[in-house]
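Coordinates from run_32.cif are shown below (mmCIF, C-alpha atoms).
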```
data_entry
#
loop_
_atom_site.label_atom_id
_atom_site.label_comp_id
_atom_site.auth_asym_id
_atom_site.auth_seq_id
_atom_site.Cartn_x
_atom_site.Cartn_y
_atom_site.Cartn_z
CA MET A 525 59.07 14.26 -19.08
CA THR A 526 59.30 10.61 -18.18
CA GLY A 527 56.42 10.98 -15.74
CA ILE A 528 54.13 12.34 -18.44
CA VAL A 529 55.00 9.47 -20.78
CA LEU A 530 54.32 6.96 -17.98
CA GLY A 531 51.01 8.68 -17.27
CA GLU A 532 50.05 8.48 -20.90
CA ASP A 533 50.91 4.76 -20.91
CA ILE A 534 48.66 4.16 -17.91
CA ALA A 535 45.82 6.10 -19.51
CA VAL A 536 46.15 4.12 -22.73
CA ASN A 537 46.25 0.84 -20.78
CA ILE A 538 43.14 1.77 -18.83
CA LEU A 539 41.30 2.64 -22.03
CA ASN A 540 42.36 -0.65 -23.63
CA PHE A 541 41.46 -2.73 -20.57
CA PRO A 542 38.79 -5.23 -21.57
CA LEU A 543 35.74 -4.06 -19.65
CA GLU A 544 33.96 -7.29 -20.52
CA LEU A 545 36.56 -9.18 -18.53
CA LEU A 546 36.08 -6.85 -15.59
CA LEU A 547 32.30 -7.14 -15.74
CA GLY A 548 32.50 -10.95 -16.06
CA GLY A 549 34.77 -11.12 -13.01
CA LEU A 550 32.51 -8.80 -11.05
CA LEU A 551 29.42 -10.87 -11.88
CA ARG A 552 31.19 -14.09 -10.83
CA LEU A 553 32.27 -12.45 -7.58
CA LEU A 554 28.67 -11.36 -6.98
CA LEU A 555 27.50 -14.93 -7.55
CA ILE A 556 30.04 -16.28 -5.05
CA LEU A 557 28.76 -13.75 -2.50
CA TYR A 558 25.20 -14.74 -3.40
CA LEU A 559 26.04 -18.39 -2.72
CA LEU A 560 27.22 -17.38 0.76
CA PHE A 561 23.97 -15.45 1.20
CA ALA A 562 21.95 -18.54 0.16
CA LEU A 563 23.82 -20.64 2.75
CA LEU A 564 23.17 -17.99 5.37
CA VAL A 565 19.46 -17.99 4.48
CA ILE A 566 19.28 -21.74 5.16
CA ARG A 567 20.93 -21.25 8.54
CA GLN A 568 18.60 -18.34 9.26
CA ILE A 569 15.46 -20.27 8.29
CA ASN A 570 16.45 -23.21 10.50
CA LEU A 571 16.98 -20.78 13.36
CA LEU A 572 13.69 -18.97 12.74
CA ASN A 573 11.77 -22.23 12.44
CA SER A 574 13.15 -23.24 15.82
CA ILE A 575 11.95 -19.93 17.29
CA LEU A 576 8.55 -20.00 15.63
CA GLY A 577 7.04 -23.14 14.15
CA THR A 578 4.14 -22.59 11.73
CA ALA A 579 2.32 -24.45 8.97
CA LEU A 580 4.76 -22.98 6.45
CA SER A 581 7.97 -24.03 8.24
CA ASP A 582 8.64 -26.98 5.93
CA ALA A 583 7.77 -24.94 2.83
CA PHE A 584 10.34 -22.31 3.85
CA ARG A 585 12.98 -24.97 4.37
CA VAL A 586 12.31 -26.51 0.93
CA PHE A 587 12.35 -23.09 -0.71
CA ALA A 588 15.64 -22.18 0.99
CA TYR A 589 17.28 -25.36 -0.35
CA LEU A 590 15.89 -24.73 -3.85
CA HIS A 591 17.23 -21.19 -3.59
CA LEU A 592 20.67 -22.61 -2.72
CA LEU A 593 20.50 -24.99 -5.71
CA LEU A 594 19.64 -22.04 -7.93
CA ALA A 595 22.61 -20.06 -6.58
CA ILE A 596 24.94 -23.04 -7.20
CA GLY A 597 23.49 -23.52 -10.71
CA ALA A 598 23.98 -19.84 -11.52
CA LEU A 599 27.59 -19.94 -10.30
CA VAL A 600 28.34 -23.05 -12.38
CA PHE A 601 26.72 -21.38 -15.39
CA ALA A 602 28.82 -18.25 -14.80
CA PHE A 603 32.06 -20.24 -14.93
CA LEU A 604 30.95 -22.14 -18.04
CA VAL A 605 30.10 -19.10 -20.19
CA MET B 892 -5.48 -26.41 2.33
CA ALA B 893 -6.19 -22.91 0.96
CA SER B 894 -7.65 -21.73 4.26
CA LYS B 895 -4.67 -23.21 6.13
CA PHE B 896 -2.34 -21.31 3.82
CA ARG B 897 -4.40 -18.12 4.20
CA GLN B 898 -4.32 -18.47 7.97
CA ALA B 899 -0.56 -18.98 7.95
CA LEU B 900 -0.15 -15.70 6.05
CA ALA B 901 -2.62 -13.66 8.09
CA ALA B 902 -1.46 -10.73 10.19
CA LEU B 903 -3.93 -11.21 13.01
CA ILE B 904 -4.72 -14.79 14.04
CA GLU B 905 -6.83 -15.77 17.02
CA ASN B 906 -6.20 -19.22 18.51
CA PRO B 907 -3.72 -20.10 15.75
CA GLN B 908 -3.38 -23.76 14.80
CA ASN B 909 0.01 -25.37 14.07
CA VAL B 910 1.90 -22.55 15.77
CA SER B 911 4.52 -23.22 18.39
CA PHE B 912 7.44 -21.20 19.71
CA GLU B 913 10.80 -21.94 21.22
CA THR B 914 10.10 -21.33 24.91
CA GLN B 915 6.49 -22.55 24.94
CA THR B 916 5.60 -24.73 27.93
CA LYS B 917 3.28 -27.76 27.77
CA ASP B 918 0.32 -26.08 29.43
CA GLU B 919 0.74 -22.83 27.52
CA LYS B 920 -1.78 -22.04 24.80
CA THR B 921 -1.20 -19.51 22.02
CA LEU B 922 -4.20 -17.19 21.92
CA LEU B 923 -3.13 -14.46 19.53
CA LEU B 924 -0.47 -14.15 16.86
CA LEU B 925 0.23 -10.76 15.35
CA ARG B 926 2.47 -9.44 12.64
CA ARG B 927 2.57 -6.24 10.58
CA HIS B 928 -0.42 -5.54 8.31
CA PHE B 929 0.11 -7.11 4.90
CA ILE B 930 -0.23 -3.70 3.26
CA THR B 931 3.11 -2.67 4.84
CA ASN B 932 4.75 -5.09 2.37
CA VAL B 933 3.66 -2.99 -0.60
CA PRO B 934 6.82 -0.77 -0.76
CA TRP B 935 9.21 -3.72 -1.16
CA MET B 936 6.77 -5.48 -3.50
CA VAL B 937 6.67 -2.41 -5.76
CA LEU B 938 10.47 -2.27 -5.67
CA VAL B 939 10.62 -5.94 -6.69
CA LEU B 940 8.25 -5.26 -9.59
CA VAL B 941 10.45 -2.36 -10.72
CA MET B 942 13.56 -4.56 -10.42
CA LEU B 943 11.84 -7.28 -12.49
CA THR B 944 11.03 -4.86 -15.30
CA ILE B 945 14.45 -3.16 -15.54
CA PRO B 946 16.09 -5.79 -17.83
CA LEU B 947 13.00 -5.73 -20.06
CA LEU B 948 13.08 -1.94 -20.21
CA LEU B 949 16.80 -1.98 -21.05
CA THR B 950 16.11 -4.42 -23.88
CA TYR B 951 13.05 -2.85 -25.46
CA LEU B 952 13.24 0.88 -24.70
CA PRO B 953 16.46 1.54 -26.71
CA GLN B 954 14.45 1.17 -29.91
CA PHE B 955 13.21 4.66 -29.10
CA SER B 956 16.27 6.22 -27.48
CA GLY B 957 19.41 4.79 -29.09
CA GLU B 958 21.35 1.67 -28.13
CA PRO B 959 22.71 1.66 -24.53
CA ALA B 960 26.04 0.12 -23.48
CA TYR B 961 24.16 -2.87 -22.01
CA LEU B 962 23.11 -4.09 -25.47
CA LYS B 963 26.68 -3.81 -26.77
CA LEU B 964 27.80 -6.57 -24.39
CA PRO B 965 28.33 -10.07 -25.78
CA PRO B 966 25.14 -12.16 -25.46
CA ASP B 967 26.56 -14.62 -22.88
CA LEU B 968 27.69 -11.78 -20.60
CA ARG B 969 24.36 -10.05 -21.05
CA GLY B 970 22.58 -13.29 -20.11
CA LEU B 971 24.80 -13.66 -17.07
CA SER B 972 24.14 -10.10 -15.92
CA VAL B 973 20.37 -10.63 -16.29
CA LEU B 974 20.64 -13.88 -14.31
CA VAL B 975 22.58 -12.15 -11.51
CA TRP B 976 20.07 -9.30 -11.48
CA TYR B 977 17.09 -11.65 -11.16
CA LEU B 978 18.87 -13.67 -8.45
CA LEU B 979 19.49 -10.49 -6.47
CA THR B 980 15.82 -9.57 -6.93
CA LEU B 981 14.74 -13.02 -5.73
CA GLY B 982 17.06 -12.80 -2.72
CA PHE B 983 15.75 -9.36 -1.81
CA ALA B 984 12.10 -10.46 -2.13
CA PHE B 985 12.64 -13.64 -0.12
CA GLU B 986 14.48 -11.81 2.65
CA SER B 987 11.84 -9.06 2.81
CA PHE B 988 9.09 -11.66 3.06
CA LEU B 989 10.93 -13.52 5.83
CA LEU B 990 11.38 -10.25 7.72
CA TRP B 991 7.64 -9.70 7.61
CA TYR B 992 6.67 -13.27 8.37
CA PHE B 993 8.93 -13.89 11.36
CA ASN B 994 8.58 -10.54 13.11
CA VAL B 995 5.72 -11.64 15.32
CA PHE B 996 4.04 -10.90 18.56
CA ILE B 997 2.55 -13.83 20.44
CA VAL B 998 0.04 -13.63 23.26
CA THR B 999 -0.44 -16.80 25.28
CA ASN B 1000 -2.48 -17.57 28.39
CA ARG B 1001 0.66 -16.83 30.45
CA ARG B 1002 2.73 -14.15 28.74
CA ILE B 1003 3.41 -11.90 25.79
CA VAL B 1004 6.34 -12.79 23.55
CA ASP B 1005 7.86 -10.34 21.07
CA VAL B 1006 10.08 -11.85 18.36
CA ASP B 1007 12.04 -9.18 16.49
CA PHE B 1008 14.28 -10.02 13.63
CA TRP B 1009 16.23 -7.49 11.58
CA GLY B 1010 18.21 -8.55 8.55
CA LEU B 1011 20.17 -11.75 8.37
CA LEU B 1012 22.19 -11.42 11.50
CA HIS B 1013 20.10 -9.98 14.28
CA LYS B 1014 17.20 -11.32 16.29
CA SER B 1015 15.80 -10.52 19.69
CA VAL B 1016 13.12 -12.24 21.72
CA SER B 1017 11.58 -10.45 24.68
CA GLU B 1018 8.68 -11.52 26.85
CA THR B 1019 6.66 -10.41 29.80
CA PRO B 1020 4.14 -12.33 31.94
CA LEU B 1021 0.53 -11.15 31.62
CA ALA B 1022 0.65 -10.36 35.34
CA ASN B 1023 3.29 -7.68 34.66
CA VAL B 1024 1.17 -5.80 32.11
CA GLN B 1025 0.20 -2.44 33.54
CA ASP B 1026 -1.22 -0.53 30.66
CA VAL B 1027 -2.18 -1.10 27.02
CA THR B 1028 -2.57 1.75 24.52
CA HIS B 1029 -3.03 1.88 20.78
CA GLU B 1030 -2.31 4.53 18.17
CA VAL B 1031 -3.47 4.97 14.59
CA SER B 1032 -1.71 7.82 12.88
CA GLY B 1033 -1.29 8.77 9.21
CA PHE B 1034 -3.18 8.47 5.95
CA TRP B 1035 -2.53 4.81 5.06
CA PRO B 1036 -3.01 3.51 8.65
CA VAL B 1037 -6.42 5.22 8.78
CA VAL B 1038 -7.42 3.95 5.32
CA PHE B 1039 -6.32 0.35 5.95
CA ASP B 1040 -7.04 0.30 9.69
CA TYR B 1041 -3.67 -0.54 11.15
CA GLY B 1042 -1.54 1.01 13.88
CA HIS B 1043 0.70 0.51 16.88
CA ILE B 1044 0.02 -1.10 20.25
CA PHE B 1045 2.12 -0.13 23.27
CA ILE B 1046 2.21 -2.32 26.35
CA GLN B 1047 3.61 -0.86 29.53
CA THR B 1048 5.01 -3.50 31.84
CA ALA B 1049 6.44 -3.72 35.33
CA GLY B 1050 9.17 -6.14 34.31
CA GLU B 1051 12.67 -5.80 32.91
CA VAL B 1052 11.28 -4.86 29.50
CA PRO B 1053 9.53 -1.58 30.35
CA ARG B 1054 7.54 -1.24 27.12
CA LEU B 1055 6.62 -3.68 24.38
CA GLU B 1056 5.66 -2.28 20.99
CA ILE B 1057 3.67 -3.98 18.28
CA LEU B 1058 3.98 -1.87 15.18
CA ASN B 1059 1.57 -1.64 12.24
CA VAL B 1060 -0.80 -4.38 13.36
CA PRO B 1061 -4.22 -4.66 11.71
CA ARG B 1062 -7.27 -3.55 13.67
CA PRO B 1063 -5.36 -2.10 16.64
CA ASP B 1064 -8.57 -1.26 18.54
CA LEU B 1065 -9.65 -4.90 18.44
CA VAL B 1066 -6.16 -6.12 19.38
CA HIS B 1067 -6.11 -3.62 22.26
CA LYS B 1068 -9.43 -4.95 23.56
CA LYS B 1069 -8.31 -8.57 23.16
CA ILE B 1070 -5.02 -8.04 25.00
CA ALA B 1071 -6.67 -6.02 27.76
CA GLY B 1072 -9.35 -8.72 28.08
CA LEU B 1073 -6.77 -11.51 28.21
CA VAL B 1074 -4.76 -9.63 30.82
CA GLN B 1075 -7.88 -9.21 32.94
CA LYS B 1076 -8.92 -12.82 32.47
CA TYR B 1077 -5.56 -14.50 33.09
CA ASP B 1078 -3.97 -11.98 35.39
CA GLY B 1079 -6.28 -12.91 38.27
CA ARG B 1080 -5.54 -16.62 37.82
CA LEU B 1081 -1.81 -16.01 37.66
CA ARG B 1082 -1.79 -13.85 40.78
CA ARG B 1083 -3.76 -16.40 42.77
#
```
Go through the file and emit its structure as structure tokens.
Amino acid sequence: MTGIVLGEDIAVNILNFPLELLLGGLLRLLLILYLLFALLVIRQINLLNSILGTALSDAFRVFAYLHLLLAIGALVFAFLV
Amino acid sequence: MASKFRQALAALIENPQNVSFETQTKDEKTLLLLRRHFITNVPWMVLVLVMLTIPLLLTYLPQFSGEPAYLKLPPDLRGLSVLVWYLLTLGFAFESFLLWYFNVFIVTNRRIVDVDFWGLLHKSVSETPLANVQDVTHEVSGFWPVVFDYGHIFIQTAGEVPRLEILNVPRPDLVHKKIAGLVQKYDGRLRR
């Protein structure tokens, strides 16, 4: 009997759980992971430029840093909203 | 400037300017730089276009098919989810482009260098001296390769790397001739 009541409580709690909060947390987590990805891209581009130097090497480096700034900006925005 | 940019993005470059690689020696000249035909980028480009249109579709299509859960979200959360989506799209496009751009095959007056790079965390560089090249073959197979004139080049070597593969390069017959010619031309000098 008690088990069924407990089960019902859990079901009600799950249904009442604010999905917006969950989605917001998930999006922020994704942005943190994306920031790590942006840092990894900078490391990768430096490595690749050392393996192969071309006319676009500097452009890639600049783009990678802009990409990192964008990722930081998005993360800041996510914690402000 | 435009021609320099175009050359930097080409898939088959003879005597490339402003190109250097990690293990290049002072007297070594880069004669040929190859990467996959640009047309092989079309699948990821189409995917990026689809990804770019999804938020727009979710916003405007419901007028015809009822309001989806996405539009019931608060505006700031909706804005954040669109921002995350476009960031992921940008990251995917950038990474796909880098994969294409840095997977190259370099032929110099001394050796052949194959730079392979898969994903963020794996790269491999293999090389073989021109003197070790035993056999060069090329293969064009399939509808799109025939239409756009691209295919694979296989280089059999006597060294530690038994076979080098250059996949989906433009004009494989021309590349085959060039590599075979370079091997003939420089092989004699290297053996002497």
For the file shown, report as a list in words the outcome of the PyMOL selection byres ((chain A) within 8 of (chain B)) at residue level. Glu544, Gly548, Leu551, Leu554, Leu555, Tyr558, Leu564, Val565, Gln568, Leu572, Ser574, Ile575, Leu576, Gly577, Thr578, Ala579, Leu580, Ala595, Ala598, Ala602 and Val605 of chain A
Selection result of the PyMOL selection byres ((chain B and resi 1032) around 12) on this file, as a PyMOL selection string: chain B and resi 1029-1031+1033-1044+1058-1059+1063
Output of the above residues as a compact mmCIF listing (two decimals), in the frame of the given file, restricted to C-alpha atoms:
```
# COMPACT_ATOMS: atom_id res chain seq x y z
CA HIS B 1029 -3.03 1.88 20.78
CA GLU B 1030 -2.31 4.53 18.17
CA VAL B 1031 -3.47 4.97 14.59
CA GLY B 1033 -1.29 8.77 9.21
CA PHE B 1034 -3.18 8.47 5.95
CA TRP B 1035 -2.53 4.81 5.06
CA PRO B 1036 -3.01 3.51 8.65
CA VAL B 1037 -6.42 5.22 8.78
CA VAL B 1038 -7.42 3.95 5.32
CA PHE B 1039 -6.32 0.35 5.95
CA ASP B 1040 -7.04 0.30 9.69
CA TYR B 1041 -3.67 -0.54 11.15
CA GLY B 1042 -1.54 1.01 13.88
CA HIS B 1043 0.70 0.51 16.88
CA ILE B 1044 0.02 -1.10 20.25
CA LEU B 1058 3.98 -1.87 15.18
CA ASN B 1059 1.57 -1.64 12.24
CA PRO B 1063 -5.36 -2.10 16.64
```
Looking at B:Val937, B:Pro966, B:Leu990, B:Leu922, which one is nearest to A:Ile569, with distances taken over only C-alpha atoms?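 That would be B:Leu990, the residue with the smallest distance to A:Ile569.
Rounded to one decimal, atom CA of B:Leu1055 and atom CA of B:Ile1070 lie 12.4 Å from each other.
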By how many Å are atom CA of B:Ile1057 and atom CA of B:Ala1022 apart? 18.5 Å
One decimal place gives the atom CA of B:Thr916-atom CA of B:Asp1005 separation as 16.1 Å
Convert the output of the PyMOL selection byres ((chain B and resi 1023) around 6) on the shown file into explicit residues, formatted as an NGL selection string. :B and (1020-1022 or 1024 or 1048-1049)
Radius query 9 Å about (20.4, -21.6, -3.6), atoms used: all atoms listed in the file, as a ChimeraX atom specification: /A:558-559,561-563,565-566,587-598
